[in-house]
$ cat coords.txt   # compact mmCIF, C-alpha atoms
# COMPACT_ATOMS: atom_id res chain seq x y z
CA MET A 776 12.55 6.50 13.51
CA PRO A 777 8.95 6.70 12.26
CA SER A 778 8.48 8.14 8.82
CA ASP A 779 6.08 10.88 7.87
CA VAL A 780 4.33 9.96 4.65
CA SER A 781 4.46 13.05 2.48
CA SER A 782 1.16 14.45 1.31
CA SER A 783 2.54 14.22 -2.22
CA CYS A 784 2.49 10.42 -1.98
CA HIS A 785 -0.89 8.85 -2.59
CA GLY A 786 -2.41 5.84 -4.28
CA GLY A 787 -3.44 5.72 -7.91
CA GLY A 788 -7.04 5.12 -6.90
CA HIS A 789 -9.02 5.11 -3.72
CA LYS A 790 -9.24 1.39 -3.31
CA LYS A 791 -9.35 0.52 0.38
CA PRO A 792 -7.09 -2.17 1.78
CA ARG A 793 -8.66 -5.32 3.09
CA SER A 794 -10.09 -4.88 6.53
CA LYS A 795 -8.36 -7.91 7.99
CA ILE A 796 -5.01 -7.35 9.64
CA LEU A 797 -2.10 -8.42 7.46
CA PRO A 798 -0.23 -11.39 8.88
CA GLN A 799 3.07 -10.39 10.39
CA ILE A 800 5.74 -11.85 8.15
CA THR A 801 8.56 -10.34 10.18
CA ARG A 802 10.46 -12.49 12.63
CA SER A 803 13.58 -12.07 14.67
CA PHE A 804 16.54 -12.66 12.42
CA SER A 805 17.62 -16.21 12.99
CA ILE A 806 21.12 -17.45 12.40
CA ARG A 807 20.69 -19.14 9.06
CA SER A 808 22.46 -19.11 5.74
CA ILE A 809 20.99 -16.58 3.31
CA PRO A 810 21.50 -17.53 -0.36
CA TYR A 811 23.46 -15.22 -2.63
CA ASN A 812 21.34 -12.30 -3.89
CA PHE A 813 18.69 -12.84 -1.20
CA VAL A 814 17.74 -10.59 1.73
CA ASN A 815 15.80 -11.03 4.95
CA VAL A 816 12.04 -10.68 4.52
CA TYR A 817 11.76 -7.78 6.99
CA SER A 818 11.66 -5.01 4.36
CA ILE A 819 8.73 -6.65 2.56
CA GLN A 820 6.52 -6.21 5.62
CA THR A 821 7.59 -2.59 5.87
CA VAL A 822 6.64 -1.97 2.23
CA CYS A 823 3.22 -3.53 2.87
CA ASP A 824 2.69 -1.53 6.07
CA ILE A 825 3.38 1.75 4.27
CA LEU A 826 1.03 0.84 1.43
CA VAL A 827 -1.78 0.07 3.88
CA GLU A 828 -1.23 3.41 5.62
CA MET A 829 -1.53 5.09 2.23
CA GLY A 830 -4.85 3.34 1.61
CA ILE A 831 -3.44 0.93 -0.97
CA ASP A 832 -4.10 -2.82 -0.89
CA PRO A 833 -0.67 -4.49 -1.13
CA ASP A 834 -2.01 -7.84 -2.36
CA GLU A 835 -2.25 -6.78 -6.00
CA ILE A 836 1.24 -5.28 -5.93
CA LEU A 837 2.66 -8.41 -4.30
CA GLU A 838 1.08 -10.49 -7.05
CA ARG A 839 2.56 -8.26 -9.76
CA ALA A 840 5.95 -8.58 -8.06
CA GLY A 841 5.68 -12.37 -8.27
CA THR A 842 4.73 -13.36 -4.73
CA ASP A 843 1.89 -13.19 -2.20
CA MET A 844 1.44 -12.77 1.54
CA GLN A 845 0.92 -16.48 2.13
CA MET A 846 4.26 -17.33 0.51
CA LEU A 847 6.02 -14.58 2.43
CA ASP A 848 4.52 -15.68 5.73
CA ALA A 849 6.39 -18.98 5.36
CA ALA A 850 9.63 -17.41 4.13
CA GLU A 851 12.61 -15.93 5.95
CA THR A 852 14.30 -14.57 2.84
CA VAL A 853 13.32 -13.09 -0.52
CA SER A 854 15.37 -12.39 -3.59
CA PHE A 855 17.08 -9.02 -3.85
CA ALA A 856 15.48 -8.63 -7.28
CA MET A 857 11.97 -9.31 -5.96
CA LEU A 858 12.33 -6.74 -3.17
CA GLY A 859 13.53 -4.17 -5.71
CA ARG A 860 10.68 -4.96 -8.08
CA LEU A 861 8.11 -4.76 -5.28
CA THR A 862 9.49 -1.43 -4.04
CA ALA A 863 9.48 0.00 -7.57
CA LEU A 864 5.88 -1.13 -8.14
CA ALA A 865 4.83 0.29 -4.76
CA ALA A 866 6.53 3.62 -5.53
CA ASP A 867 4.74 3.79 -8.87
CA GLN A 868 1.34 2.88 -7.42
CA ALA A 869 1.77 5.37 -4.56
CA ARG A 870 3.14 8.03 -6.92
CA CYS A 871 5.94 8.46 -4.41
CA ALA A 872 9.43 8.95 -5.85
CA HIS A 873 11.02 8.60 -2.40
CA PHE A 874 9.30 5.35 -1.41
CA GLY A 875 12.64 3.65 -0.71
CA LEU A 876 13.44 6.44 1.73
CA LEU A 877 10.17 5.78 3.59
CA VAL A 878 11.05 2.09 3.94
CA GLY A 879 14.55 2.79 5.21
CA GLN A 880 13.31 5.31 7.77
CA ARG A 881 11.58 2.49 9.63
CA THR A 882 14.69 0.42 10.20
CA THR A 883 15.85 0.24 13.82
CA LEU A 884 18.70 -1.56 15.53
CA ALA A 885 16.10 -3.92 17.00
CA SER A 886 14.89 -4.83 13.51
CA LEU A 887 18.44 -5.95 12.66
CA GLY A 888 18.26 -8.76 15.20
CA LEU A 889 21.55 -10.13 16.52
CA LEU A 890 23.57 -7.82 14.31
CA GLY A 891 21.71 -4.83 15.72
CA THR A 892 22.46 -6.06 19.22
CA LEU A 893 26.15 -6.40 18.36
CA MET A 894 26.20 -2.84 17.03
CA ARG A 895 24.37 -1.49 20.08
CA HIS A 896 26.94 -3.04 22.43
CA SER A 897 30.09 -2.34 20.39
CA GLU A 898 32.71 -0.28 22.17
CA THR A 899 32.82 2.55 19.61
CA VAL A 900 30.80 3.79 16.64
CA GLY A 901 33.61 2.64 14.36
CA ASP A 902 33.46 -0.86 15.86
CA ALA A 903 29.70 -0.94 15.32
CA LEU A 904 29.97 0.07 11.66
CA GLN A 905 32.79 -2.40 11.07
CA ALA A 906 30.65 -5.14 12.62
CA LEU A 907 27.84 -4.24 10.23
CA ALA A 908 30.19 -4.33 7.25
CA THR A 909 31.75 -7.64 8.32
CA HIS A 910 28.53 -9.48 9.12
CA HIS A 911 26.12 -7.82 6.66
CA ASP A 912 25.57 -11.18 4.95
CA LEU A 913 23.41 -12.18 7.91
CA LEU A 914 20.81 -9.72 6.60
CA ASN A 915 21.52 -9.08 2.96
CA ARG A 916 23.51 -11.02 0.37
CA GLY A 917 22.50 -8.73 -2.48
CA ALA A 918 24.83 -5.89 -1.51
CA MET A 919 27.84 -5.00 0.57
CA ILE A 920 28.52 -2.29 3.14
CA GLU A 921 32.00 -0.80 3.40
CA LEU A 922 33.56 1.63 5.85
CA ALA A 923 36.42 3.80 4.56
CA VAL A 924 38.52 6.60 6.04
CA ASP A 925 40.42 9.22 4.08
CA GLY A 926 42.16 11.62 6.42
CA ALA A 927 39.55 13.48 8.46
CA VAL A 928 36.63 12.14 6.39
CA ALA A 929 34.83 8.81 6.78
CA THR A 930 32.29 7.20 4.45
CA VAL A 931 30.04 4.22 4.90
CA SER A 932 28.83 3.00 1.52
CA TYR A 933 26.23 0.55 0.21
CA ALA A 934 26.95 -1.22 -3.08
CA PRO A 935 24.64 -3.83 -4.70
CA TYR A 936 26.43 -6.74 -6.35
CA GLU A 937 24.13 -6.52 -9.36
CA PRO A 938 23.39 -2.79 -9.75
CA GLU A 939 21.16 -3.22 -12.79
CA THR A 940 18.51 -4.96 -10.65
CA GLU A 941 15.09 -3.35 -11.00
CA GLY A 942 14.45 -0.75 -8.31
CA VAL A 943 18.14 -0.58 -7.33
CA ALA A 944 17.99 3.21 -6.77
CA LEU A 945 15.22 2.62 -4.22
CA HIS A 946 17.30 -0.18 -2.66
CA CYS A 947 20.15 2.29 -2.22
CA GLU A 948 18.13 5.10 -0.67
CA ARG A 949 16.44 2.59 1.65
CA ALA A 950 19.83 1.34 2.82
CA VAL A 951 21.30 4.81 3.34
CA ALA A 952 18.24 5.87 5.34
CA ALA A 953 18.58 2.70 7.45
CA LEU A 954 22.28 3.48 8.05
CA THR A 955 21.32 6.99 9.15
CA ASN A 956 18.82 5.61 11.64
CA ALA A 957 21.41 3.17 12.98
CA LEU A 958 23.91 5.98 13.53
CA ARG A 959 21.28 8.15 15.21
CA SER A 960 20.53 5.24 17.56
CA LEU A 961 24.21 5.04 18.48
CA CYS A 962 25.06 8.76 18.50
CA GLY A 963 21.79 10.43 19.46
CA ALA A 964 18.75 11.59 17.52
CA THR A 965 20.37 14.92 16.68
CA TRP A 966 23.23 13.32 14.72
CA ASP A 967 23.41 14.30 11.04
CA PRO A 968 25.83 13.29 8.28
CA ASP A 969 27.91 15.93 6.51
CA GLU A 970 26.72 14.74 3.12
CA VAL A 971 24.61 12.01 1.52
CA LEU A 972 25.43 10.44 -1.86
CA LEU A 973 22.74 8.65 -3.90
CA PRO A 974 23.14 6.91 -7.29
CA ARG A 975 19.81 8.03 -8.76
CA LEU A 976 18.41 10.86 -10.79
CA ALA A 977 17.29 13.81 -8.71
CA PRO A 978 13.56 13.44 -7.89
CA PRO A 979 11.03 16.18 -8.68
CA ASP A 980 10.96 17.08 -4.99
CA SER A 981 14.10 16.65 -2.89
CA ALA A 982 12.52 18.01 0.32
CA PRO A 983 11.79 14.54 1.81
CA TYR A 984 15.49 13.70 1.50
CA THR A 985 16.88 16.90 2.99
CA GLY A 986 14.15 16.79 5.64
CA PHE A 987 15.14 13.31 6.81
CA PHE A 988 18.93 13.45 6.40
CA ARG A 989 19.19 17.11 7.50
CA ALA A 990 22.25 17.38 5.26
CA PRO A 991 23.12 18.15 1.62
CA VAL A 992 22.01 15.27 -0.63
CA ARG A 993 24.00 14.71 -3.83
CA PHE A 994 22.10 12.81 -6.49
CA ALA A 995 23.50 11.07 -9.61
CA GLN A 996 26.56 9.81 -7.71
CA GLU A 997 28.68 6.74 -8.39
CA PHE A 998 27.49 4.91 -5.27
CA ALA A 999 25.33 5.32 -2.17
CA ALA A 1000 27.07 6.60 0.95
CA LEU A 1001 27.01 8.70 4.10
CA VAL A 1002 29.92 11.11 4.61
CA PHE A 1003 30.85 12.27 8.12
CA PRO A 1004 33.88 13.30 10.24
CA ALA A 1005 36.25 10.39 10.90
CA ARG A 1006 36.51 11.41 14.56
CA LEU A 1007 32.97 10.05 15.03
CA LEU A 1008 34.37 6.53 14.68
CA ARG A 1009 36.22 6.92 17.99
CA ARG A 1010 33.11 7.92 19.94
CA SER A 1011 32.20 5.49 22.72
CA ILE A 1012 28.70 4.02 22.67
CA GLU A 1013 26.85 4.88 25.85
CA GLY A 1014 25.52 1.89 27.76
CA ALA A 1015 27.41 -0.72 25.71
CA ASN A 1016 27.74 -4.00 27.61
CA PRO A 1017 30.94 -5.95 26.80
CA LEU A 1018 29.46 -9.23 28.11
CA ILE A 1019 26.50 -8.98 25.73
CA ARG A 1020 28.85 -8.03 22.89
CA ALA A 1021 31.09 -11.05 23.50
CA SER A 1022 28.13 -13.42 23.67
CA VAL A 1023 26.61 -12.15 20.43
CA GLU A 1024 29.98 -12.21 18.66
CA ARG A 1025 30.44 -15.88 19.62
CA ARG A 1026 27.02 -16.82 18.26
CA ILE A 1027 27.60 -15.01 14.98
CA ARG A 1028 31.08 -16.45 14.46
CA GLN A 1029 29.94 -19.98 15.32
CA PHE A 1030 27.37 -19.71 12.58
CA GLU A 1031 29.75 -18.20 10.06
CA SER A 1032 32.28 -20.96 10.70
CA ILE A 1033 29.86 -23.65 9.51
CA VAL A 1034 28.46 -21.81 6.46
CA PRO A 1035 29.93 -23.35 3.27
CA SER A 1036 32.38 -20.99 1.58
CA ASP A 1037 31.64 -19.73 -1.93
CA VAL A 1038 34.73 -18.38 -3.69
CA SER A 1039 32.67 -16.80 -6.48
CA ASP A 1040 30.70 -14.85 -3.89
CA GLU A 1041 33.88 -13.69 -2.14
CA VAL A 1042 35.44 -12.60 -5.44
CA ARG A 1043 32.25 -10.78 -6.39
CA ARG A 1044 32.34 -8.89 -3.08
CA SER A 1045 36.02 -8.03 -3.48
CA VAL A 1046 35.62 -6.90 -7.10
CA ARG A 1047 32.65 -4.73 -6.17
CA SER A 1048 34.66 -3.11 -3.40
CA ARG A 1049 37.62 -2.45 -5.65
CA ILE A 1050 35.50 -0.89 -8.36
CA VAL A 1051 34.27 1.61 -5.78
CA GLN A 1052 37.89 2.23 -4.86
CA LYS A 1053 38.96 2.18 -8.57
CA ARG A 1054 41.34 -0.75 -8.02
CA ILE A 1055 40.42 -3.96 -9.82
CA GLU A 1056 43.29 -6.38 -10.36
CA LYS A 1057 43.17 -10.14 -10.07
CA ASP A 1058 46.34 -10.28 -7.97
CA GLN A 1059 44.89 -7.73 -5.51
CA VAL A 1060 41.67 -9.72 -5.18
CA ALA A 1061 43.60 -12.97 -4.68
CA GLN A 1062 45.77 -11.26 -2.05
CA ALA A 1063 42.69 -9.91 -0.25
CA LEU A 1064 41.27 -13.44 -0.11
CA ALA A 1065 44.64 -14.94 0.93
CA ILE A 1066 44.59 -17.20 -2.13
CA HIS A 1067 47.28 -17.63 -4.78
CA GLN A 1068 46.18 -16.45 -8.24
CA ARG A 1069 46.38 -19.97 -9.71
CA THR A 1070 44.45 -21.42 -6.77
CA LEU A 1071 41.81 -18.72 -7.18
CA GLY A 1072 41.50 -19.57 -10.88
CA ARG A 1073 41.06 -23.29 -10.15
CA ARG A 1074 38.41 -22.71 -7.49
CA LEU A 1075 36.44 -20.36 -9.70
CA LYS A 1076 36.63 -22.85 -12.57
CA ALA A 1077 35.26 -25.53 -10.24
CA GLU A 1078 32.32 -23.21 -9.54
CA GLY A 1079 31.74 -22.71 -13.27
CA THR A 1080 33.08 -19.19 -13.67
CA THR A 1081 36.25 -17.10 -14.06
CA PHE A 1082 37.66 -13.92 -12.58
CA ARG A 1083 37.21 -12.11 -15.90
CA CYS A 1084 33.57 -13.21 -16.10
CA ILE A 1085 32.78 -11.94 -12.58
CA ALA A 1086 34.66 -8.68 -13.16
CA ASN A 1087 32.88 -8.06 -16.46
CA GLN A 1088 29.45 -8.90 -15.03
CA THR A 1089 30.06 -6.48 -12.16
CA ARG A 1090 31.31 -3.73 -14.48
CA LEU A 1091 28.34 -4.20 -16.80
CA GLY A 1092 25.88 -4.01 -13.90
CA ILE A 1093 27.41 -0.78 -12.61
CA ALA A 1094 27.51 0.68 -16.13
CA LYS A 1095 23.81 -0.07 -16.66
CA GLN A 1096 22.86 1.44 -13.30
CA LEU A 1097 24.83 4.64 -13.91
CA LEU A 1098 23.47 4.97 -17.44
CA ALA A 1099 19.87 4.44 -16.34
CA ASP A 1100 19.79 6.23 -12.98
CA THR A 1101 22.23 9.12 -13.39
CA LYS A 1102 23.20 11.75 -15.97
CA MET A 1103 26.90 11.01 -15.70
CA GLY A 1104 28.72 11.37 -19.03
CA LEU A 1105 30.35 8.43 -20.79
CA ALA A 1106 33.81 9.75 -19.97
CA GLN A 1107 33.02 9.83 -16.25
CA ILE A 1108 31.44 6.35 -16.29
CA SER A 1109 34.44 5.07 -18.24
CA SER A 1110 36.74 6.45 -15.54
CA VAL A 1111 34.65 4.92 -12.72
CA LEU A 1112 34.98 1.50 -14.37
CA GLU A 1113 38.71 1.96 -15.02
CA PHE A 1114 38.63 1.91 -18.82
CA SER A 1115 41.56 3.63 -20.50
CA GLU A 1116 39.25 5.90 -22.51
CA PRO A 1117 35.53 6.31 -23.36
CA ALA A 1118 36.05 4.51 -26.68
CA ALA A 1119 37.26 1.41 -24.84
CA PHE A 1120 34.19 1.52 -22.58
CA THR A 1121 31.88 1.90 -25.60
CA HIS A 1122 33.55 -1.05 -27.33
CA ALA A 1123 33.24 -3.28 -24.24
CA PHE A 1124 29.62 -2.27 -23.61
CA ARG A 1125 28.71 -3.04 -27.23
CA ARG A 1126 30.40 -6.44 -26.91
CA TRP A 1127 28.46 -7.19 -23.71
CA THR A 1128 25.03 -5.97 -24.85
CA GLY A 1129 25.06 -5.50 -28.62
CA MET A 1130 24.32 -1.78 -28.15
CA THR A 1131 26.34 1.36 -27.53
CA PRO A 1132 26.02 2.94 -24.07
CA SER A 1133 24.28 6.00 -25.55
CA ALA A 1134 21.71 3.90 -27.40
CA TRP A 1135 21.09 1.72 -24.34
CA ARG A 1136 20.59 4.80 -22.13
CA LYS A 1137 18.19 6.36 -24.66
CA GLU A 1138 16.14 3.17 -24.73
CA GLN A 1139 15.97 3.01 -20.92
CA TRP A 1140 14.99 6.65 -20.53
CA ALA A 1141 12.22 6.20 -23.12
CA LYS A 1142 10.52 3.52 -21.01

$ encode --input "coords.txt" --output "structure tokens"
Amino acid sequence: MPSDVSSSCHGGGHKKPRSKILPQITRSFSIRSIPYNFVNVYSIQTVCDILVEMGIDPDEILERAGTDMQMLDAAETVSFAMLGRLTALAADQARCAHFGLLVGQRTTLASLGLLGTLMRHSETVGDALQALATHHDLLNRGAMIELAVDGAVATVSYAPYEPETEGVALHCERAVAALTNALRSLCGATWDPDEVLLPRLAPPDSAPYTGFFRAPVRFAQEFAALVFPARLLRRSIEGANPLIRASVERRIRQFESIVPSDVSDEVRRSVRSRIVQKRIEKDQVAQALAIHQRTLGRRLKAEGTTFRCIANQTRLGIAKQLLADTKMGLAQISSVLEFSEPAAFTHAFRRWTGMTPSAWRKEQWAK
């Protein structure tokens, strides 16, 4: 769905972009292994396109983010951190607090390549969302998507593995906007969620968010998600072709069967999911991975890490993101991370960083 650039978003100066047409760095998503914490290059081109439309030359911002168009033209993936940094720099240069939203609005099923095709030809909306959650690594290995149902309510959430990454709030709003577009492609352009959750401070102007989502938007939440009636998951997708679906599924699974397994990555995904669900126990993670606890410990040791290390890194990342991007109190953050009390959270955070959570937050907000 095309985005309407708000009149409140404009460049810091009136420097005109170069007259030559930017090389197209987007390609159809090929079936290749994406390294951990990397994403497909597609979103970079979208960021650059929006900057050009705003009258801003993206070259300088790309350089400040640590890359350039020539490098990107030869790449299929970029680091999750670099995309976040670029988006944050672009938002600052454009003076546009909702820049991530603008990027996400341009995502279509076609831009998701084979995975988009699989979603388009899934039997039901629930099948399509489950396919996205299951095969999201084809597009993005910096975050996970999870579908959950609680009675009559369903949520589809987006959770970065390293939430303290620069620009992570923009990452999250980009992803939730992209999910909204995907659901509107499957359900019709008039579809709206019941509620939108975003883990960021409320912007000065929330109108771009309510205008796009056409639903209540809750800022300063624990994670990014769309909330909608669970009955939607049973809706059939009009025009879905089971032959196309089966063909695409075979291609995706053939690829996934030859990608080397990474136990640390799988544990990181499982821990991240269980923190969202407030259930983080080694035995539960081992059970989810169909691995005995001792076997899990040996495999992680062989990869140079431990379950405790991964769990603590994930908890610290979430703590930093919630402290920096929300106004949640220490007691609430402590509960999210499953500490017995705020004092235990403060003690752990000081051990991890050398600072108390309050002091760390104050330092971040002063930047």

$ residues_around --input "coords.txt" --residues "range 987-995 of chain A" --least-positions-apart "2" --cutoff "9 Å" --atoms "all atoms listed in the file" --output "ChimeraX atom specification"
/A:778,876,880,952,955,967-978,981-985,997-998,1097,1100-1103

$ atom_distance --input "coords.txt" --atom1 "CA of Ala927 in chain A" --atom2 "CA of Ala908 in chain A"
20.2 Å

$ atom_distance --input "coords.txt" --atom1 "CA of Leu1112 in chain A" --atom2 "CA of Thr1089 in chain A"
9.6 Å

$ closest_residue --input "coords.txt" --among "A:Ala856, A:Met894, A:Leu913, A:Ala866" --to "Val878 in chain A" --atoms "only C-alpha atoms"
A:Ala866

$ axis_aligned_box --input "coords.txt" --around "range 1078-1093 of chain A" --padding-each-side "6 Å" --output "AutoDock Vina command-line options"
--center_x 31.8 --center_y -12.0 --center_z -13.2 --size_x 23.8 --size_y 34.4 --size_z 19.3

$ residues_around --input "coords.txt" --residues "Gln1088 in chain A" --least-positions-apart "5" --cutoff "9 Å" --atoms "all atoms listed in the file" --output "ChimeraX atom specification"
/A:937,1083,1093,1127

$ write_last_selection --input "coords.txt" --atoms "C-alpha atoms" --output "short mmCIF file (atom, residue, chain, number, x, y, z; two decimals), keeping the file's coordinate frame"
data_model
loop_
_atom_site.label_atom_id
_atom_site.label_comp_id
_atom_site.auth_asym_id
_atom_site.auth_seq_id
_atom_site.Cartn_x
_atom_site.Cartn_y
_atom_site.Cartn_z
CA GLU A 937 24.13 -6.52 -9.36
CA ARG A 1083 37.21 -12.11 -15.90
CA ILE A 1093 27.41 -0.78 -12.61
CA TRP A 1127 28.46 -7.19 -23.71
#

$ atom_distance --input "coords.txt" --atom1 "CA of Gly888 in chain A" --atom2 "CA of Val924 in chain A"
27.0 Å

$ closest_residue --input "coords.txt" --among "A:Glu921, A:Glu1113, A:Asp834, A:Glu948" --to "Leu847 in chain A" --atoms "all atoms listed in the file"
A:Asp834

$ residues_around --input "coords.txt" --residues "Ala1099 in chain A" --least-positions-apart "3" --cutoff "7 Å" --atoms "only C-alpha atoms" --output "PyMOL selection string"
chain A and resi 1095-1096+1136+1139-1140

$ closest_residue --input "coords.txt" --among "A:Ala953, A:Leu889, A:Ala918, A:Ile1085" --to "Arg1028 in chain A" --atoms "only C-alpha atoms"
A:Leu889

$ residues_around --input "coords.txt" --residues "Ile825 in chain A" --least-positions-apart "6" --cutoff "10 Å" --atoms "all atoms listed in the file" --output "PDB file with C-alpha atoms, in the coordinates of the input"
ATOM      1  CA  SER A 778       8.480   8.140   8.820  1.00  0.00           C
ATOM      2  CA  VAL A 780       4.330   9.960   4.650  1.00  0.00           C
ATOM      3  CA  ILE A 831      -3.440   0.930  -0.970  1.00  0.00           C
ATOM      4  CA  PRO A 833      -0.670  -4.490  -1.130  1.00  0.00           C
ATOM      5  CA  ALA A 865       4.830   0.290  -4.760  1.00  0.00           C
ATOM      6  CA  ALA A 869       1.770   5.370  -4.560  1.00  0.00           C
ATOM      7  CA  PHE A 874       9.300   5.350  -1.410  1.00  0.00           C
ATOM      8  CA  LEU A 877      10.170   5.780   3.590  1.00  0.00           C
ATOM      9  CA  VAL A 878      11.050   2.090   3.940  1.00  0.00           C
ATOM     10  CA  ARG A 881      11.580   2.490   9.630  1.00  0.00           C
TER      11      ARG A 881
END
